[in-house]
$ cat target_7.csv   # CSV, C-alpha atoms
chain,number,residue,atom,x,y,z
A,1,MET,CA,86.7,-56.4,41.1
A,2,THR,CA,86.5,-54.0,43.9
A,3,THR,CA,87.8,-51.1,41.8
A,4,LYS,CA,85.4,-52.0,38.9
A,5,TYR,CA,82.5,-52.2,41.3
A,6,ILE,CA,83.3,-48.7,42.7
A,7,LEU,CA,83.5,-47.2,39.2
A,8,THR,CA,80.2,-48.8,38.2
A,9,MET,CA,78.4,-47.5,41.3
A,10,THR,CA,79.9,-44.0,40.8
A,11,LEU,CA,78.7,-43.9,37.2
A,12,LEU,CA,75.2,-45.0,38.2
A,13,SER,CA,75.0,-42.3,40.9
A,14,THR,CA,76.0,-39.7,38.4
A,15,LEU,CA,73.3,-40.8,35.9
A,16,VAL,CA,70.7,-40.7,38.7
A,17,PHE,CA,71.8,-37.2,39.7
A,18,PHE,CA,71.5,-35.9,36.1
A,19,GLN,CA,68.2,-37.6,35.6
A,20,ALA,CA,66.8,-35.9,38.7
A,21,CYS,CA,68.1,-32.5,37.6
A,22,SER,CA,66.5,-33.1,34.2
A,23,ASP,CA,63.1,-34.0,35.8
A,24,LYS,CA,63.2,-30.8,37.9
A,25,GLU,CA,63.9,-28.7,34.8
A,26,GLU,CA,61.0,-30.3,32.9
A,27,LYS,CA,58.7,-29.5,35.8
A,28,LYS,CA,59.8,-25.9,35.8
A,29,VAL,CA,59.1,-25.7,32.0
A,30,GLU,CA,55.7,-27.3,32.6
A,31,VAL,CA,54.9,-24.7,35.3
A,32,ILE,CA,55.9,-21.9,32.9
A,33,LYS,CA,53.8,-23.3,30.1
A,34,LYS,CA,50.7,-23.2,32.3
A,35,THR,CA,50.7,-19.4,32.0
A,36,THR,CA,49.1,-19.0,28.6
A,37,GLN,CA,49.7,-15.9,26.5
A,38,VAL,CA,46.5,-14.3,25.1
A,39,ASN,CA,46.0,-11.2,23.0
A,40,ILE,CA,43.9,-8.5,24.7
A,41,ASN,CA,42.5,-5.1,23.9
A,42,THR,CA,42.1,-2.6,26.7
A,43,ILE,CA,38.7,-1.0,26.4
A,44,LYS,CA,38.3,2.7,25.8
A,45,LYS,CA,35.5,4.8,24.2
A,46,GLN,CA,36.2,5.8,20.6
A,47,ASN,CA,34.4,7.5,17.8
A,48,TYR,CA,33.3,4.8,15.3
A,49,ALA,CA,31.7,5.2,12.0
A,50,ILE,CA,28.3,3.6,12.5
A,51,TRP,CA,26.8,2.1,9.4
A,52,VAL,CA,23.5,0.2,9.8
A,53,ASN,CA,22.9,-2.6,7.2
A,54,PHE,CA,19.6,-3.4,5.6
A,55,SER,CA,18.1,-5.0,2.5
A,56,GLY,CA,15.7,-3.2,0.2
A,57,LYS,CA,14.3,-2.8,-3.3
A,58,THR,CA,14.6,0.0,-5.8
A,59,GLN,CA,11.6,1.8,-7.3
A,60,ALA,CA,11.3,4.3,-10.1
A,61,SER,CA,10.9,7.9,-8.7
A,62,LYS,CA,8.1,8.3,-11.2
A,63,ASN,CA,6.0,5.8,-13.0
A,64,VAL,CA,3.3,7.1,-15.3
A,65,SER,CA,0.7,5.3,-17.4
A,66,ILE,CA,0.0,7.2,-20.7
A,67,THR,CA,-3.7,7.5,-21.5
A,68,ALA,CA,-5.6,9.5,-24.1
A,69,LYS,CA,-7.7,12.5,-23.1
A,70,VAL,CA,-9.9,12.0,-26.2
A,71,GLN,CA,-11.3,9.0,-27.9
A,72,GLY,CA,-10.8,7.9,-31.5
A,73,GLU,CA,-8.8,5.7,-33.8
A,74,LEU,CA,-5.1,5.4,-33.1
A,75,LYS,CA,-3.3,6.7,-36.2
A,76,LYS,CA,0.4,6.9,-35.4
A,77,ILE,CA,3.0,5.7,-32.9
A,78,LEU,CA,5.7,8.4,-32.7
A,79,PHE,CA,8.4,6.8,-30.5
A,80,THR,CA,10.9,3.9,-30.4
A,81,PRO,CA,10.1,1.4,-27.7
A,82,GLY,CA,12.7,1.4,-24.9
A,83,SER,CA,14.0,4.8,-25.8
A,84,LYS,CA,14.7,7.9,-23.7
A,85,ILE,CA,12.1,10.5,-24.2
A,86,THR,CA,11.8,14.2,-23.1
A,87,GLN,CA,8.9,15.9,-21.3
A,88,GLY,CA,6.4,17.1,-23.9
A,89,GLN,CA,7.6,14.8,-26.7
A,90,ALA,CA,4.8,13.6,-29.0
A,91,LEU,CA,4.1,9.8,-28.5
A,92,PHE,CA,0.8,9.0,-30.2
A,93,GLN,CA,-1.6,10.5,-32.7
A,94,VAL,CA,-5.3,10.0,-32.6
A,95,ASP,CA,-7.5,10.6,-35.7
A,96,ASP,CA,-8.2,14.3,-35.5
A,97,SER,CA,-10.7,14.7,-38.5
A,98,GLU,CA,-13.8,14.8,-36.3
A,99,TYR,CA,-12.2,17.2,-33.9
A,100,LYS,CA,-11.3,19.6,-36.7
A,101,ILE,CA,-14.9,19.5,-38.0
A,102,THR,CA,-16.3,20.1,-34.5
A,103,LEU,CA,-14.0,23.1,-34.0
A,104,LEU,CA,-15.1,24.6,-37.4
A,105,GLN,CA,-18.7,24.1,-36.4
A,106,LYS,CA,-18.3,25.8,-33.0
A,107,GLU,CA,-16.4,28.7,-34.6
A,108,ALA,CA,-19.2,29.1,-37.2
A,109,THR,CA,-21.8,29.2,-34.4
A,110,LEU,CA,-19.8,31.9,-32.6
A,111,ASN,CA,-19.6,34.0,-35.7
A,112,LYS,CA,-23.3,33.6,-36.3
A,113,ASN,CA,-24.1,34.7,-32.7
A,114,LYS,CA,-21.7,37.6,-33.1
A,115,ALA,CA,-23.6,38.8,-36.1
A,116,SER,CA,-26.9,38.4,-34.3
A,117,LEU,CA,-25.5,40.4,-31.4
A,118,LYS,CA,-24.5,43.2,-33.7
A,119,LEU,CA,-28.1,43.4,-35.0
A,120,ALA,CA,-29.5,43.3,-31.5
A,121,LEU,CA,-27.2,46.1,-30.4
A,122,ALA,CA,-28.4,48.2,-33.4
A,123,ASN,CA,-32.0,47.5,-32.5
A,124,VAL,CA,-31.5,48.6,-28.9
A,125,ASN,CA,-29.7,51.7,-29.9
A,126,ARG,CA,-32.5,52.6,-32.4
A,127,TYR,CA,-35.3,52.1,-30.0
A,128,LYS,CA,-33.8,53.9,-27.0
A,129,PRO,CA,-34.4,57.4,-28.4
A,130,LEU,CA,-37.9,56.5,-29.6
A,131,VAL,CA,-38.9,55.2,-26.1
A,132,GLN,CA,-37.4,58.4,-24.5
A,133,LYS,CA,-39.6,60.4,-26.9
A,134,GLU,CA,-42.5,58.1,-26.1
A,135,LEU,CA,-42.8,57.2,-29.8
A,136,ALA,CA,-42.4,53.5,-29.1
A,137,PRO,CA,-43.5,51.2,-26.2
A,138,LYS,CA,-40.9,50.5,-23.4
A,139,GLU,CA,-41.9,46.8,-23.4
A,140,LYS,CA,-40.5,46.5,-26.9
A,141,LEU,CA,-37.1,48.0,-25.8
A,142,ASP,CA,-37.0,45.6,-22.9
A,143,GLU,CA,-37.5,42.7,-25.3
A,144,LEU,CA,-34.6,43.9,-27.5
A,145,ILE,CA,-32.3,44.4,-24.5
A,146,ALA,CA,-33.1,40.8,-23.3
A,147,VAL,CA,-32.3,39.5,-26.8
A,148,LYS,CA,-29.0,41.4,-26.7
A,149,GLU,CA,-28.1,40.0,-23.3
A,150,GLN,CA,-29.0,36.4,-24.3
A,151,LEU,CA,-26.7,36.7,-27.3
A,152,GLN,CA,-23.9,38.1,-25.2
A,153,ALA,CA,-24.2,35.1,-22.8
A,154,GLN,CA,-24.4,32.7,-25.8
A,155,ILE,CA,-21.2,34.2,-27.2
A,156,THR,CA,-19.4,33.7,-23.8
A,157,ALA,CA,-20.6,30.0,-23.9
A,158,ASP,CA,-19.5,29.7,-27.5
A,159,LYS,CA,-16.0,30.9,-26.6
A,160,ALA,CA,-15.7,28.3,-23.8
A,161,ILE,CA,-16.9,25.6,-26.2
A,162,ILE,CA,-14.4,26.6,-28.8
A,163,LYS,CA,-11.6,26.6,-26.2
A,164,GLN,CA,-12.6,23.0,-25.3
A,165,ALA,CA,-12.8,22.0,-29.0
A,166,LYS,CA,-9.2,23.4,-29.5
A,167,LEU,CA,-8.0,21.4,-26.4
A,168,ASP,CA,-9.7,18.3,-27.8
A,169,LEU,CA,-7.9,18.8,-31.1
A,170,GLU,CA,-4.6,19.4,-29.3
A,171,TYR,CA,-5.1,16.2,-27.3
A,172,THR,CA,-5.2,14.1,-30.4
A,173,ILE,CA,-1.4,14.4,-30.2
A,174,ILE,CA,-0.6,12.5,-27.0
A,175,LYS,CA,2.6,13.9,-25.3
A,176,ALA,CA,4.9,12.6,-22.6
A,177,PRO,CA,4.0,14.2,-19.2
A,178,ILE,CA,7.5,13.4,-17.8
A,179,LYS,CA,11.0,12.6,-19.1
A,180,GLY,CA,12.2,9.0,-18.7
A,181,SER,CA,12.3,5.7,-20.4
A,182,ILE,CA,9.3,4.5,-22.3
A,183,GLY,CA,8.3,0.9,-22.8
A,184,LYS,CA,6.5,-0.6,-25.8
A,185,ALA,CA,3.2,0.6,-27.2
A,186,LEU,CA,0.4,-1.5,-25.6
A,187,LEU,CA,-2.0,-1.1,-28.7
A,188,ASP,CA,-1.4,-1.2,-32.4
A,189,ILE,CA,-2.3,1.4,-35.0
A,190,GLY,CA,-6.0,1.1,-36.0
A,191,ASN,CA,-7.3,0.3,-32.5
A,192,MET,CA,-10.1,2.5,-31.1
A,193,ILE,CA,-9.0,4.1,-27.8
A,194,ASN,CA,-11.0,5.7,-25.0
A,195,THR,CA,-10.0,8.2,-22.3
A,196,ASN,CA,-9.1,5.4,-19.9
A,197,THR,CA,-7.1,3.2,-22.3
A,198,VAL,CA,-3.4,2.8,-21.2
A,199,LEU,CA,-1.2,3.2,-24.2
A,200,ALA,CA,2.3,2.9,-22.7
A,201,ASN,CA,4.3,3.4,-19.5
A,202,ILE,CA,7.1,5.8,-18.7
A,203,VAL,CA,9.5,5.4,-15.8
A,204,GLN,CA,11.8,8.0,-14.5
A,205,SER,CA,14.9,6.2,-13.1
A,206,ASP,CA,17.7,8.8,-13.1
A,207,VAL,CA,16.6,9.1,-9.5
A,208,LEU,CA,15.6,5.9,-7.8
A,209,TYR,CA,13.8,5.3,-4.5
A,210,VAL,CA,15.0,2.5,-2.3
A,211,ASN,CA,12.3,1.1,0.1
A,212,PHE,CA,13.3,-0.9,3.2
A,213,ASN,CA,11.8,-1.8,6.5
A,214,PRO,CA,14.0,-1.7,9.6
A,215,SER,CA,12.7,-2.8,13.0
A,216,ALA,CA,11.2,-0.1,15.3
A,217,ASN,CA,14.3,-0.4,17.6
A,218,GLU,CA,16.6,0.2,14.6
A,219,VAL,CA,14.6,3.3,13.6
A,220,SER,CA,14.9,4.6,17.2
A,221,LEU,CA,18.6,4.2,17.0
A,222,ILE,CA,18.8,6.1,13.7
A,223,LYS,CA,16.7,8.9,15.1
A,224,LYS,CA,18.7,9.1,18.3
A,225,TYR,CA,22.2,9.2,16.9
A,226,LYS,CA,21.9,10.4,13.3
A,227,ALA,CA,24.4,13.2,12.5
A,228,GLU,CA,22.2,14.7,9.8
A,229,LYS,CA,18.5,15.3,9.3
A,230,TYR,CA,18.6,13.1,6.2
A,231,PRO,CA,21.3,10.5,6.8
A,232,LYS,CA,23.4,9.4,3.8
A,233,ILE,CA,23.3,5.9,2.4
A,234,LYS,CA,25.3,3.6,0.2
A,235,VAL,CA,23.5,1.1,-2.1
A,236,ILE,CA,25.1,-2.1,-3.5
A,237,PRO,CA,23.2,-4.4,-5.8
A,238,GLN,CA,22.8,-7.9,-4.5
A,239,ASN,CA,24.7,-10.6,-6.3
A,240,ALA,CA,26.7,-8.0,-8.2
A,241,ASN,CA,30.1,-6.4,-8.2
A,242,LYS,CA,30.7,-5.3,-4.6
A,243,ASN,CA,32.7,-2.3,-5.9
A,244,LEU,CA,29.6,-1.0,-7.5
A,245,GLU,CA,28.2,1.6,-5.1
A,246,LEU,CA,25.5,4.3,-5.5
A,247,TYR,CA,25.0,7.1,-3.0
A,248,GLY,CA,22.0,8.9,-1.8
A,249,LYS,CA,20.2,9.9,1.4
A,250,LEU,CA,17.2,9.0,3.5
A,251,ASP,CA,14.2,11.1,2.6
A,252,PHE,CA,11.2,9.4,4.4
A,253,ILE,CA,10.6,7.8,7.8
A,254,ASP,CA,7.0,6.6,8.3
A,255,THR,CA,5.3,7.8,11.5
A,256,ILE,CA,3.8,4.4,12.4
A,257,SER,CA,5.1,0.8,12.6
A,258,ASN,CA,3.5,-2.3,11.1
A,259,GLU,CA,1.8,-4.0,14.0
A,260,SER,CA,2.2,-7.5,12.5
A,261,THR,CA,5.9,-7.2,11.7
A,262,GLY,CA,7.2,-4.6,14.1
A,263,THR,CA,8.9,-2.7,11.2
A,264,VAL,CA,8.8,0.8,10.0
A,265,ALA,CA,8.8,1.9,6.3
A,266,LEU,CA,11.8,3.9,5.3
A,267,ARG,CA,12.7,5.3,1.9
A,268,ALA,CA,15.9,6.7,0.4
A,269,SER,CA,16.6,8.4,-2.9
A,270,ILE,CA,19.8,7.7,-4.9
A,271,ASN,CA,21.4,9.2,-7.9
A,272,ASN,CA,21.1,6.8,-10.9
A,273,THR,CA,21.9,9.2,-13.8
A,274,ASP,CA,23.9,6.5,-15.6
A,275,ASN,CA,20.9,4.1,-15.2
A,276,ILE,CA,23.1,1.5,-13.6
A,277,LEU,CA,20.2,0.1,-11.7
A,278,PHE,CA,16.7,-0.9,-12.9
A,279,PRO,CA,13.6,-0.3,-10.8
A,280,GLY,CA,12.7,-3.5,-8.9
A,281,THR,CA,16.4,-4.4,-8.1
A,282,PHE,CA,17.1,-6.0,-4.7
A,283,VAL,CA,20.0,-4.1,-3.0
A,284,ASP,CA,22.1,-4.1,0.2
A,285,ILE,CA,21.8,-0.7,2.0
A,286,LYS,CA,24.4,0.8,4.3
A,287,LEU,CA,22.9,3.8,6.2
A,288,PHE,CA,25.4,6.1,7.9
A,289,ILE,CA,24.4,7.3,11.3
A,290,SER,CA,27.4,9.1,12.8
A,291,ASP,CA,31.1,9.1,13.4
A,292,LYS,CA,31.0,11.8,16.1
A,293,ILE,CA,29.7,9.8,19.1
A,294,PRO,CA,32.1,7.9,21.4
A,295,PHE,CA,31.1,4.3,22.1
A,296,ILE,CA,32.5,1.1,23.7
A,297,ALA,CA,32.5,-1.3,20.8
A,298,LEU,CA,34.0,-4.7,20.0
A,299,SER,CA,34.5,-6.9,17.0
A,300,PRO,CA,31.7,-9.5,16.7
A,301,LYS,CA,34.4,-12.2,16.6
A,302,VAL,CA,35.3,-11.8,20.3
A,303,ILE,CA,31.8,-12.2,21.6
A,304,SER,CA,30.4,-15.5,22.7
A,305,ARG,CA,26.9,-16.5,23.9
A,306,ASN,CA,25.4,-18.5,26.7
A,307,GLN,CA,22.0,-18.9,28.2
A,308,LEU,CA,22.2,-15.4,29.7
A,309,GLY,CA,23.1,-13.8,26.4
A,310,ALA,CA,26.3,-12.3,25.0
A,311,TYR,CA,29.5,-12.3,27.0
A,312,VAL,CA,33.3,-11.8,26.6
A,313,TYR,CA,36.4,-13.1,28.5
A,314,ILE,CA,38.4,-10.5,30.3
A,315,VAL,CA,41.7,-10.6,32.2
A,316,ASN,CA,41.2,-9.3,35.7
A,317,GLU,CA,43.7,-7.7,38.1
A,318,GLU,CA,45.0,-11.1,39.2
A,319,ASN,CA,45.7,-12.0,35.6
A,320,SER,CA,43.0,-14.6,35.7
A,321,ILE,CA,40.2,-15.1,33.2
A,322,GLU,CA,36.6,-14.2,34.1
A,323,ILE,CA,33.4,-13.8,32.1
A,324,ARG,CA,31.5,-10.5,31.6
A,325,GLN,CA,27.9,-10.6,30.5
A,326,LEU,CA,27.0,-7.8,28.1
A,327,GLU,CA,24.0,-5.7,27.2
A,328,ILE,CA,24.1,-4.7,23.5
A,329,THR,CA,22.8,-1.5,22.0
A,330,TYR,CA,23.4,-2.5,18.4
A,331,SER,CA,25.4,-5.0,16.4
A,332,ASN,CA,26.2,-5.7,12.8
A,333,LYS,CA,28.9,-7.7,10.9
A,334,ASP,CA,31.5,-4.9,11.6
A,335,LEU,CA,31.0,-4.1,15.3
A,336,VAL,CA,29.0,-4.5,18.5
A,337,ILE,CA,28.1,-1.5,20.5
A,338,ILE,CA,28.1,-2.3,24.2
A,339,LYS,CA,25.5,-0.7,26.5
A,340,LYS,CA,26.4,-2.4,29.8
A,341,GLY,CA,29.0,-4.9,31.0
A,342,LEU,CA,32.3,-3.2,30.1
A,343,LYS,CA,34.0,-0.1,31.2
A,344,GLU,CA,37.1,1.8,30.1
A,345,GLY,CA,40.2,0.0,31.2
A,346,ASP,CA,38.8,-3.6,31.1
A,347,LYS,CA,41.1,-6.0,29.2
A,348,VAL,CA,39.1,-8.1,26.8
A,349,ILE,CA,40.6,-11.3,25.4
A,350,ILE,CA,40.5,-11.2,21.6
A,351,SER,CA,42.3,-14.5,20.7
A,352,ALA,CA,41.8,-18.2,21.3
A,353,ILE,CA,38.5,-17.6,23.1
A,354,ASN,CA,37.3,-21.1,22.4
A,355,LYS,CA,40.2,-22.6,24.4
A,356,LEU,CA,39.9,-20.5,27.5
A,357,LYS,CA,38.8,-21.6,31.0
A,358,ILE,CA,37.5,-19.4,33.8
A,359,ALA,CA,40.1,-18.6,36.5
A,360,GLN,CA,42.9,-19.7,34.2
A,361,LYS,CA,46.1,-17.7,34.6
A,362,VAL,CA,47.2,-15.9,31.5
A,363,GLU,CA,49.6,-13.2,30.3
A,364,GLY,CA,47.9,-10.5,28.3
A,365,ILE,CA,49.6,-9.2,25.2
A,366,GLU,CA,48.1,-5.8,24.1
A,367,ARG,CA,46.9,-5.6,20.6
A,368,PRO,CA,45.2,-2.8,18.7
A,369,ASN,CA,41.4,-2.7,18.3
A,370,SER,CA,40.5,-4.8,15.2
A,371,ILE,CA,37.5,-2.6,14.3
A,372,ASP,CA,38.2,-0.7,11.1
A,373,ILE,CA,35.2,1.1,9.6
A,374,LYS,CA,35.5,4.0,7.3
A,375,GLY,CA,33.1,6.9,7.5
A,376,LEU,CA,31.8,9.0,4.6
$ encode --input "target_7.csv" --output "structure tokens"
Amino acid sequence: MTTKYILTMTLLSTLVFFQACSDKEEKKVEVIKKTTQVNINTIKKQNYAIWVNFSGKTQASKNVSITAKVQGELKKILFTPGSKITQGQALFQVDDSEYKITLLQKEATLNKNKASLKLALANVNRYKPLVQKELAPKEKLDELIAVKEQLQAQITADKAIIKQAKLDLEYTIIKAPIKGSIGKALLDIGNMINTNTVLANIVQSDVLYVNFNPSANEVSLIKKYKAEKYPKIKVIPQNANKNLELYGKLDFIDTISNESTGTVALRASINNTDNILFPGTFVDIKLFISDKIPFIALSPKVISRNQLGAYVYIVNEENSIEIRQLEITYSNKDLVIIKKGLKEGDKVIISAINKLKIAQKVEGIERPNSIDIKGL
């Protein structure tokens, strides 16, 4: 019994010893696990391609209402609705019979007055030597000269009237003032038209305008950092294939802001030679500012917000977590440009930011900057 007792006690002592060792190892593992690994990005200024995003609406570069310059009965429609037309192409014909008659009458009046002038000149030439020889009164010569001058003035007026009559006859053929796409005729043949009657509309859409309204602060950013006088843009139709992009450039910045909205009217022009977009289409706009200016910038995913504004978690020199409040110059879905709050060399935590605690000890694992924006 004594021997069995000794063996039992020895076995129990051994088990207790190994259990104690095991507990110590678990505590060591637990201590090690308290130092969490986090991904960090060490801040440095870089040249980023800065695109500013807006929404806008397309507009035809030219939109012309076709009206007649003379009145009369609409005789012919000379185009196919919805077709492409060229500048100067005949579109409508107005009844020209009255205008032809008027022209003939005015030409006849001119010829009559020319004949009268010929006679008046002959009379003047006949009386001049008689007056010089005092064989005829000077008053009679003065009358003949006055008649001649009146006829000369009348002929000048006749020529102007004939020129207008020819124009009126020419205007009975209504032509396209611009090239573009024409809609349907707004009146049928047989209607009487006046000089203010709209007959059709032509839009020129091979070049489109894009109108949009950034905030005054965004416009200030564009003006300050733009690399070119007229920054380039990309336009993507909303609710369409995102691979469909049209290119153009900014061509107008208004000089005043809208007091009620705080926005400024901007306009860009884009090449639409294939007529991919229609006027009146809502589009997303990406305006290129520059890729030559170094900034401190972060991905929007690593930025949090509190009552004081935007902030990030950084790893300090003691490998502890602390908060840095930020002042932001500009932000979009791709990047956030930092004005104040970070400097080169700061280590910003870019992973598991929702699980972090201030003063928590961490081990930072350097990762590359996740911002990847292509320039032009």
$ residues_around --input "target_7.csv" --residues "A:Gly364" --least-positions-apart "2" --cutoff "8 Å" --atoms "only C-alpha atoms" --output "list in words"
Gln37, Val38, Asn39, Ile40, Val315, Asn319, Ile349, Val362 and Glu366 of chain A
$ residues_around --input "target_7.csv" --residues "stretch 230-234 of chain A" --least-positions-apart "3" --cutoff "6 Å" --atoms "only C-alpha atoms" --output "list in words"
Leu246, Tyr247, Gly248, Lys249, Leu250, Ile285, Lys286, Leu287 and Phe288 of chain A
$ closest_residue --input "target_7.csv" --among "A:Val94, A:Leu298, A:Ala216, A:Ala153" --to "A:Gly72" --atoms "only C-alpha atoms"
A:Val94
$ atom_distance --input "target_7.csv" --atom1 "atom CA of A:Lys166" --atom2 "atom CA of A:Val147"
28.3 Å
$ atom_distance --input "target_7.csv" --atom1 "atom CA of A:Gly82" --atom2 "atom CA of A:Leu167"
28.8 Å
$ atom_distance --input "target_7.csv" --atom1 "atom CA of A:Val235" --atom2 "atom CA of A:Phe252"
16.2 Å
$ residues_around --input "target_7.csv" --residues "A:Asp142" --least-positions-apart "6" --cutoff "12 Å" --atoms "all atoms listed in the file" --output "ChimeraX atom specification"
/A:120,123-125,127-128,131,136,148-149
$ closest_residue --input "target_7.csv" --among "A:Thr156, A:Ser116, A:Gln150, A:Thr172" --to "A:Asp95" --atoms "all atoms listed in the file"
A:Thr172
$ closest_residue --input "target_7.csv" --among "A:Gly88, A:Gly183, A:Pro237, A:Pro81" --to "A:Ser65" --atoms "all atoms listed in the file"
A:Gly183
$ residues_near_point --input "target_7.csv" --point "(-17.3, 15.0, -34.4)" --cutoff "12 Å" --atoms "only C-alpha atoms" --output "MDAnalysis selection string"
chainID A and resid 70:72 95:106 165 168:169
$ residues_around --input "target_7.csv" --residues "A:Arg126" --least-positions-apart "5" --cutoff "12 Å" --atoms "all atoms listed in the file" --output "list in words"
Leu119, Ala120, Leu121, Val131, Gln132, Lys133, Leu135, Ala136, Lys140, Leu141, Leu144 and Ile145 of chain A
$ closest_residue --input "target_7.csv" --among "A:Leu187, A:Ile85, A:Ile365, A:Leu117" --to "A:Ala146" --atoms "all atoms listed in the file"
A:Leu117
$ closest_residue --input "target_7.csv" --among "A:Lys347, A:Lys301, A:Lys44, A:Lys76" --to "A:Ala185" --atoms "all atoms listed in the file"
A:Lys76
$ closest_residue --input "target_7.csv" --among "A:Ser215, A:Asp284, A:Ser61, A:Ile321" --to "A:Lys179" --atoms "only C-alpha atoms"
A:Ser61
$ residues_around --input "target_7.csv" --residues "A:Phe212" --least-positions-apart "2" --cutoff "7 Å" --atoms "all atoms listed in the file" --output "VMD selection string"
chain A and resid 55 to 57 210 214 265 to 267
